[in-house]
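Listing of input_16.txt, compact mmCIF, C-alpha atoms and all ligand atoms
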```
# COMPACT_ATOMS: atom_id res chain seq x y z
CA MET D 1 0.00 0.00 0.00
CA VAL D 2 1.35 3.40 -0.96
CA LYS D 3 1.19 5.73 2.04
CA THR D 4 -0.49 8.84 0.72
CA ALA D 5 -1.10 12.31 2.19
CA VAL D 6 -3.57 14.80 0.75
CA LEU D 7 -2.73 18.51 1.14
CA VAL D 8 -5.77 20.81 1.26
CA SER D 9 -6.65 24.44 1.97
CA GLY D 10 -10.41 24.77 1.60
CA GLY D 11 -13.63 22.96 0.76
CA GLY D 12 -11.98 19.68 -0.09
CA THR D 13 -14.32 18.38 -2.80
CA ASN D 14 -11.35 16.80 -4.56
CA LEU D 15 -10.35 15.16 -1.29
CA GLN D 16 -13.94 13.87 -1.05
CA ALA D 17 -13.67 12.42 -4.56
CA ILE D 18 -10.55 10.51 -3.46
CA LEU D 19 -12.19 9.31 -0.23
CA ASP D 20 -15.29 8.15 -2.14
CA ALA D 21 -13.19 6.38 -4.77
CA MET D 22 -11.28 4.62 -1.95
CA LEU D 23 -14.59 3.50 -0.46
CA PHE D 24 -15.77 2.11 -3.80
CA GLY D 25 -12.46 0.28 -4.36
CA GLU D 26 -11.62 2.43 -7.36
CA ILE D 27 -8.14 3.33 -6.09
CA LYS D 28 -5.85 0.36 -5.83
CA ASN D 29 -2.85 -0.24 -3.57
CA CYS D 30 -3.29 3.07 -1.71
CA GLU D 31 -3.66 4.04 1.93
CA ILE D 32 -4.81 7.59 2.71
CA THR D 33 -2.59 8.06 5.73
CA ALA D 34 -3.23 11.74 6.39
CA VAL D 35 -4.93 14.93 5.35
CA ILE D 36 -2.87 18.05 5.99
CA SER D 37 -4.54 21.45 5.87
CA SER D 38 -2.94 24.88 5.62
CA SER D 39 -5.87 26.32 7.56
CA PRO D 40 -7.69 25.22 10.74
CA GLU D 41 -10.97 26.40 9.18
CA ALA D 42 -10.86 24.26 6.04
CA TYR D 43 -14.02 22.17 5.61
CA ALA D 44 -11.74 19.47 4.18
CA LEU D 45 -10.77 18.69 7.80
CA THR D 46 -14.38 17.71 8.55
CA ARG D 47 -14.42 15.50 5.46
CA ALA D 48 -11.25 13.73 6.69
CA LYS D 49 -12.75 13.29 10.16
CA ASN D 50 -16.00 11.86 8.72
CA ALA D 51 -13.96 9.33 6.76
CA GLY D 52 -11.85 8.41 9.80
CA VAL D 53 -8.64 9.70 8.22
CA PRO D 54 -6.13 11.42 10.56
CA ALA D 55 -6.12 15.16 9.87
CA TYR D 56 -3.41 17.68 10.74
CA VAL D 57 -3.16 21.45 10.47
CA VAL D 58 0.05 23.17 9.44
CA ASP D 59 -1.27 26.70 9.71
CA ILE D 60 0.31 29.03 7.14
CA LYS D 61 -0.39 31.91 9.52
CA SER D 62 2.03 30.58 12.14
CA PHE D 63 5.07 30.86 9.88
CA PRO D 64 7.09 33.97 9.06
CA ASN D 65 7.77 32.91 5.47
CA ARG D 66 7.31 30.27 2.79
CA ARG D 67 10.57 28.52 3.66
CA PHE D 68 9.55 27.78 7.26
CA PHE D 69 6.06 26.76 6.15
CA THR D 70 7.49 24.37 3.52
CA ASP D 71 9.90 22.87 6.05
CA ALA D 72 7.05 22.22 8.50
CA ILE D 73 5.04 20.45 5.80
CA ILE D 74 8.07 18.34 4.82
CA ASP D 75 8.71 17.42 8.48
CA LYS D 76 5.10 16.30 8.92
CA LEU D 77 5.17 14.23 5.71
CA ARG D 78 8.47 12.62 6.73
CA ASP D 79 7.20 11.86 10.26
CA LEU D 80 4.33 9.97 8.65
CA ASP D 81 6.58 8.12 6.13
CA ILE D 82 4.54 9.47 3.25
CA GLU D 83 5.37 8.06 -0.20
CA LEU D 84 2.87 10.01 -2.34
CA VAL D 85 1.68 13.60 -1.81
CA VAL D 86 -1.55 14.74 -3.46
CA MET D 87 -2.25 18.46 -3.71
CA ALA D 88 -6.02 18.76 -3.84
CA GLY D 89 -6.96 22.43 -3.76
CA PHE D 90 -3.80 23.35 -1.84
CA LYS D 91 -3.46 27.11 -2.31
CA TYR D 92 0.22 27.70 -1.72
CA ILE D 93 3.33 27.25 -3.79
CA LEU D 94 6.03 25.67 -1.64
CA THR D 95 9.79 26.14 -2.02
CA SER D 96 11.91 23.96 -4.30
CA ARG D 97 13.02 21.89 -1.30
CA PHE D 98 9.55 20.31 -1.32
CA THR D 99 9.81 19.21 -4.96
CA SER D 100 13.38 17.92 -4.41
CA VAL D 101 12.48 15.85 -1.36
CA PHE D 102 9.37 14.37 -3.00
CA ASP D 103 10.66 14.34 -6.57
CA SER D 104 8.18 12.56 -8.94
CA ARG D 105 5.98 11.75 -5.93
CA ILE D 106 3.68 14.80 -5.87
CA ILE D 107 0.44 14.96 -7.87
CA ASN D 108 -1.58 18.16 -8.30
CA ILE D 109 -5.02 18.80 -9.78
CA HIS D 110 -5.42 22.01 -11.77
CA PRO D 111 -8.75 23.28 -13.16
CA SER D 112 -7.73 23.96 -16.77
CA LEU D 113 -6.18 22.18 -19.73
CA ILE D 114 -2.50 22.91 -19.04
CA PRO D 115 -0.60 24.72 -20.59
CA ALA D 116 -3.59 27.10 -20.78
CA PHE D 117 -4.56 29.24 -17.78
CA CYS D 118 -1.92 27.99 -15.34
CA GLY D 119 1.13 29.13 -13.40
CA GLU D 120 1.49 31.74 -10.70
CA GLY D 121 -1.77 33.61 -9.96
CA TYR D 122 -3.96 31.01 -11.70
CA TYR D 123 -5.83 29.17 -9.01
CA ASP D 124 -9.34 28.24 -8.00
CA ILE D 125 -12.15 30.45 -9.42
CA HIS D 126 -9.62 32.83 -11.06
CA VAL D 127 -8.73 30.14 -13.58
CA HIS D 128 -12.34 30.03 -14.79
CA GLU D 129 -12.61 33.85 -14.85
CA LYS D 130 -9.58 33.94 -17.16
CA ALA D 131 -10.91 31.14 -19.39
CA LEU D 132 -14.22 33.00 -19.85
CA GLU D 133 -12.46 36.32 -20.46
CA TYR D 134 -10.34 34.69 -23.16
CA GLY D 135 -13.37 33.14 -24.79
CA VAL D 136 -12.21 29.53 -25.00
CA LYS D 137 -14.89 27.03 -26.02
CA LEU D 138 -13.22 24.12 -24.28
CA THR D 139 -11.57 23.98 -20.89
CA GLY D 140 -11.12 21.13 -18.41
CA ALA D 141 -8.76 19.80 -15.79
CA THR D 142 -5.25 18.37 -15.57
CA ALA D 143 -3.68 15.97 -13.10
CA HIS D 144 0.08 16.37 -13.24
CA PHE D 145 3.30 15.75 -11.37
CA VAL D 146 4.58 18.75 -9.46
CA THR D 147 8.00 20.12 -10.33
CA ARG D 148 9.79 23.29 -9.35
CA GLU D 149 7.91 25.52 -11.80
CA PRO D 150 4.20 25.95 -10.91
CA ASP D 151 1.82 23.82 -13.03
CA ALA D 152 4.61 22.84 -15.44
CA GLY D 153 5.27 19.24 -14.45
CA PRO D 154 4.61 16.13 -16.57
CA ILE D 155 0.92 15.62 -17.35
CA ILE D 156 -0.71 12.41 -16.12
CA LEU D 157 -4.35 12.83 -17.23
CA GLN D 158 -6.52 15.55 -18.76
CA LYS D 159 -10.24 15.82 -19.43
CA ALA D 160 -11.96 18.44 -21.55
CA VAL D 161 -15.21 20.22 -20.61
CA GLU D 162 -17.30 22.39 -22.94
CA VAL D 163 -17.82 26.05 -22.12
CA ARG D 164 -21.46 27.16 -22.46
CA GLU D 165 -22.73 30.51 -23.71
CA ASP D 166 -24.32 31.35 -20.37
CA ASP D 167 -21.47 30.17 -18.13
CA THR D 168 -20.32 32.24 -15.17
CA PRO D 169 -17.02 31.45 -13.45
CA GLU D 170 -19.05 29.64 -10.78
CA THR D 171 -21.10 27.44 -13.14
CA LEU D 172 -18.00 26.61 -15.15
CA GLN D 173 -16.03 25.76 -12.01
CA LYS D 174 -18.79 23.42 -10.84
CA ARG D 175 -18.96 21.60 -14.21
CA VAL D 176 -15.17 21.29 -14.47
CA MET D 177 -15.09 19.77 -10.99
CA GLU D 178 -17.96 17.34 -11.60
CA GLU D 179 -17.03 16.28 -15.13
CA ALA D 180 -13.26 16.37 -14.93
CA GLU D 181 -11.44 16.97 -11.63
CA TRP D 182 -13.33 14.47 -9.48
CA LYS D 183 -12.79 11.79 -12.14
CA ILE D 184 -9.16 12.23 -13.16
CA LEU D 185 -7.61 12.93 -9.75
CA PRO D 186 -8.65 9.61 -8.12
CA ARG D 187 -7.67 7.83 -11.36
CA ALA D 188 -4.21 9.45 -11.38
CA VAL D 189 -3.70 8.49 -7.72
CA SER D 190 -4.63 4.89 -8.50
CA LEU D 191 -2.34 4.72 -11.53
CA PHE D 192 0.56 6.00 -9.40
CA CYS D 193 -0.15 3.57 -6.56
CA GLU D 194 -0.43 0.66 -9.00
CA GLY D 195 3.03 1.58 -10.32
CA ARG D 196 1.67 2.29 -13.79
CA LEU D 197 3.12 5.76 -14.39
CA LYS D 198 6.47 6.02 -16.13
CA ILE D 199 7.96 9.48 -16.56
CA GLU D 200 10.04 9.93 -19.72
CA GLY D 201 11.32 13.52 -19.82
CA ARG D 202 8.13 15.51 -19.62
CA VAL D 203 5.92 12.75 -21.01
CA VAL D 204 4.10 10.34 -18.70
CA ARG D 205 3.52 6.86 -20.13
CA ILE D 206 0.62 4.87 -18.70
CA LEU D 207 1.62 1.23 -18.44
CA PRO D 208 -0.93 -1.55 -18.93
CA GLU D 209 -2.69 -3.00 -15.93
CA LYS D 210 -0.76 -5.80 -14.27
CA LEU D 211 -2.55 -9.12 -14.35
CA SER D 212 -3.38 -10.27 -10.83
CA LYS D 213 -2.28 -13.76 -9.85
C1 LIG U 1 -10.21 22.97 -7.33
O1 LIG U 1 -10.93 23.45 -8.43
C2 LIG U 1 -8.76 22.76 -7.71
O2 LIG U 1 -8.59 22.26 -9.00
C3 LIG U 1 -8.23 24.15 -7.59
O3 LIG U 1 -8.84 24.68 -6.43
C4 LIG U 1 -10.12 24.05 -6.23
C5 LIG U 1 -10.18 23.47 -4.84
O4 LIG U 1 -11.41 22.88 -4.57
N1 LIG U 1 -6.81 24.15 -7.53
C6 LIG U 1 -6.04 25.05 -8.12
O5 LIG U 1 -6.48 26.02 -8.69
C7 LIG U 1 -4.54 24.80 -8.02
N2 LIG U 1 -3.81 25.64 -8.92
P1 LIG U 1 -11.63 21.79 -3.43
O6 LIG U 1 -10.97 22.31 -2.14
O7 LIG U 1 -13.13 21.73 -3.28
O8 LIG U 1 -11.04 20.47 -3.89
```
Let me see the structure of the file written as C-alpha cells.
Amino acid sequence: MVKTAVLVSGGGTNLQAILDAMLFGEIKNCEITAVISSSPEAYALTRAKNAGVPAYVVDIKSFPNRRFFTDAIIDKLRDLDIELVVMAGFKYILTSRFTSVFDSRIINIHPSLIPAFCGEGYYDIHVHEKALEYGVKLTGATAHFVTREPDAGPIILQKAVEVREDDTPETLQKRVMEEAEWKILPRAVSLFCEGRLKIEGRVVRILPEKLSK
C-alpha cells in the first residue's frame, strides 16, 4: 500500500472524490494516511474526520515565510513516512526543497487544460474567470506531477469540458469539478499507486494493468 497524504486548503471536494473512490475500491494499492490542511478552518478537515482519516493542520499563519512553512510540511510528511503527496486544492506554492524531497511523488489537480490558464496567480475560481475572459470554447482539468515551476510538471491525465454561452465562473467551475477533476484525480492516484506511471522527460507513459495472480 502506498502511504499517501492529501494537502488541502479549503472545501476539499477533490479530497472527497478521493475518499469516495477509496470506499468504492476504485483506487488500488493506496492508503490515505493523512490529510494536511494549511488552515484550521478548512471544511476538508471535517471531510477527513468523517472518513476516519487522521487530519493535521500546518497553519500558514504561524510561519514567518514560505521557507519555514514548507519545512514544517516536509517534516510532517516525513514523520508519517509518506510516499505520495496529493495536492487537492492546496493554495500555496512551496519552495523547491519540497519538490526535491518528493521528486516525482507529488500529484496536483489544476482546473484547466494545461498549458492554458496555469502558473502563478492562476488558481481556483480565477482560472475560470480567465478562461471565460479569453473566450475559449473548451476547458477542463489536468492531473500532473509537481515540479519546481508551478503547473509545469509532466501531465498524467486531462479531461476536456465544454464552455457554455451562459457560463459564469461559478457554473464553469462546478462543471469542471464534476465532469473532470473528481474523475481524473482519483484515477491518477490509483495509476501511481499501481506503479503504472512512467515518466520519460516531460511525457508520462501509462503502463498496462498488471494481471493479478
Ligand atoms: C479545485 O478546483 C482545484 O482544481 C483548484 O482549487 C479548487 C479546490 O477545490 N486548484 C487550483 O487552482 C490549483 N492551482 P476543493 O478544495 O473543493 O477540492
Go ahead and fit an axis-aligned box to every listed atom of stretch 52-65 of chain D plus 4 Å each side, and pass me the centre and edge lengths in Å, one decimal, as lines of an AutoDock Vina configuration file.
```
center_x = -2.0
center_y = 21.2
center_z = 8.8
size_x = 27.6
size_y = 33.6
size_z = 14.7
```
At a cut-off of 9 Å around the point (7.1, 32.8, -10.0) (file coordinates), what residues fall inside when counting all atoms listed in the file? I'd like the answer as a PyMOL selection string. chain D and resi 119-121+149-150
Calculated over all atoms listed in the file, which of the candidates D:Glu194, D:Glu170, D:Asp124, D:Glu26 has the smallest distance to ligand LIG 1 (chain U)?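 Among the listed residues, the smallest separation from ligand LIG 1 (chain U) belongs to D:Asp124.
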Nearby polymer residues, ligand LIG 1 (chain U), at most 7 Å, only C-alpha atoms and all ligand atoms, as a list in words: Val8, Ser9, Gly10, Gly11, Gly12, Thr13, Asn14, Leu15, Ala44, Ala88, Gly89, Phe90, Lys91, Ile109, His110, Pro111, Tyr122, Tyr123, Asp124, Val127, Gln173, Met177 and Glu181 of chain D
For atom CA of D:Leu7 and atom CA of D:Ala34, quote the distance in Å rounded to one decimal.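 So the answer is 8.6 Å.
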Could you tell me how far atom CA of D:Val86 lies from atom CA of D:Thr171, in Å and to one decimal?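 Interatomic distance here is 25.2 Å.
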Can you tell me which residues surround D:Val57 at a distance of at most 10 Å, considering all atoms listed in the file, apart from same-chain residues fewer than 3 positions away, and format the answer as a list in words?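 Residues meeting the cut-off are Leu7, Val8, Ser9, Val35, Ile36, Ser37, Ser38, Ser39, Pro40, Glu41, Ala42, Leu45, Ile60, Ile73 and Lys76 of chain D.
Relative to atom CA of D:Thr33, atom CA of D:Ala5 is found at 5.7 Å.
Using all atoms listed in the file, the nearest neighbour of D:Asp103 within the list D:Leu80, D:Ala131, D:Ala17, D:Ile199 is D:Ile199.
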When you look at stretch 113-116 of chain D with a cut-off of 7 Å (counting all atoms listed in the file), what residues show up, excluding the ones that are within fewer than 3 positions of it in the same chain? I need them as a short mmCIF file (atom, residue, chain, number, x, y, z; two decimals) with C-alpha atoms, in the frame of the given file.
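Contents of part36.cif, as written:
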```cif
data_model
loop_
_atom_site.label_atom_id
_atom_site.label_comp_id
_atom_site.auth_asym_id
_atom_site.auth_seq_id
_atom_site.Cartn_x
_atom_site.Cartn_y
_atom_site.Cartn_z
CA THR D 139 -11.57 23.98 -20.89
CA GLY D 140 -11.12 21.13 -18.41
CA ALA D 141 -8.76 19.80 -15.79
CA THR D 142 -5.25 18.37 -15.57
CA GLN D 158 -6.52 15.55 -18.76
#
```
Residues around (3.8, 9.2, -0.3), cut-off 6 Å, counting only C-alpha atoms - what are they as a compact mmCIF listing (two decimals) with C-alpha atoms, keeping the file's coordinate frame?
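Final output, out11.txt:
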```txt
# COMPACT_ATOMS: atom_id res chain seq x y z
CA LYS D 3 1.19 5.73 2.04
CA THR D 4 -0.49 8.84 0.72
CA ILE D 82 4.54 9.47 3.25
CA GLU D 83 5.37 8.06 -0.20
CA LEU D 84 2.87 10.01 -2.34
CA VAL D 85 1.68 13.60 -1.81
```
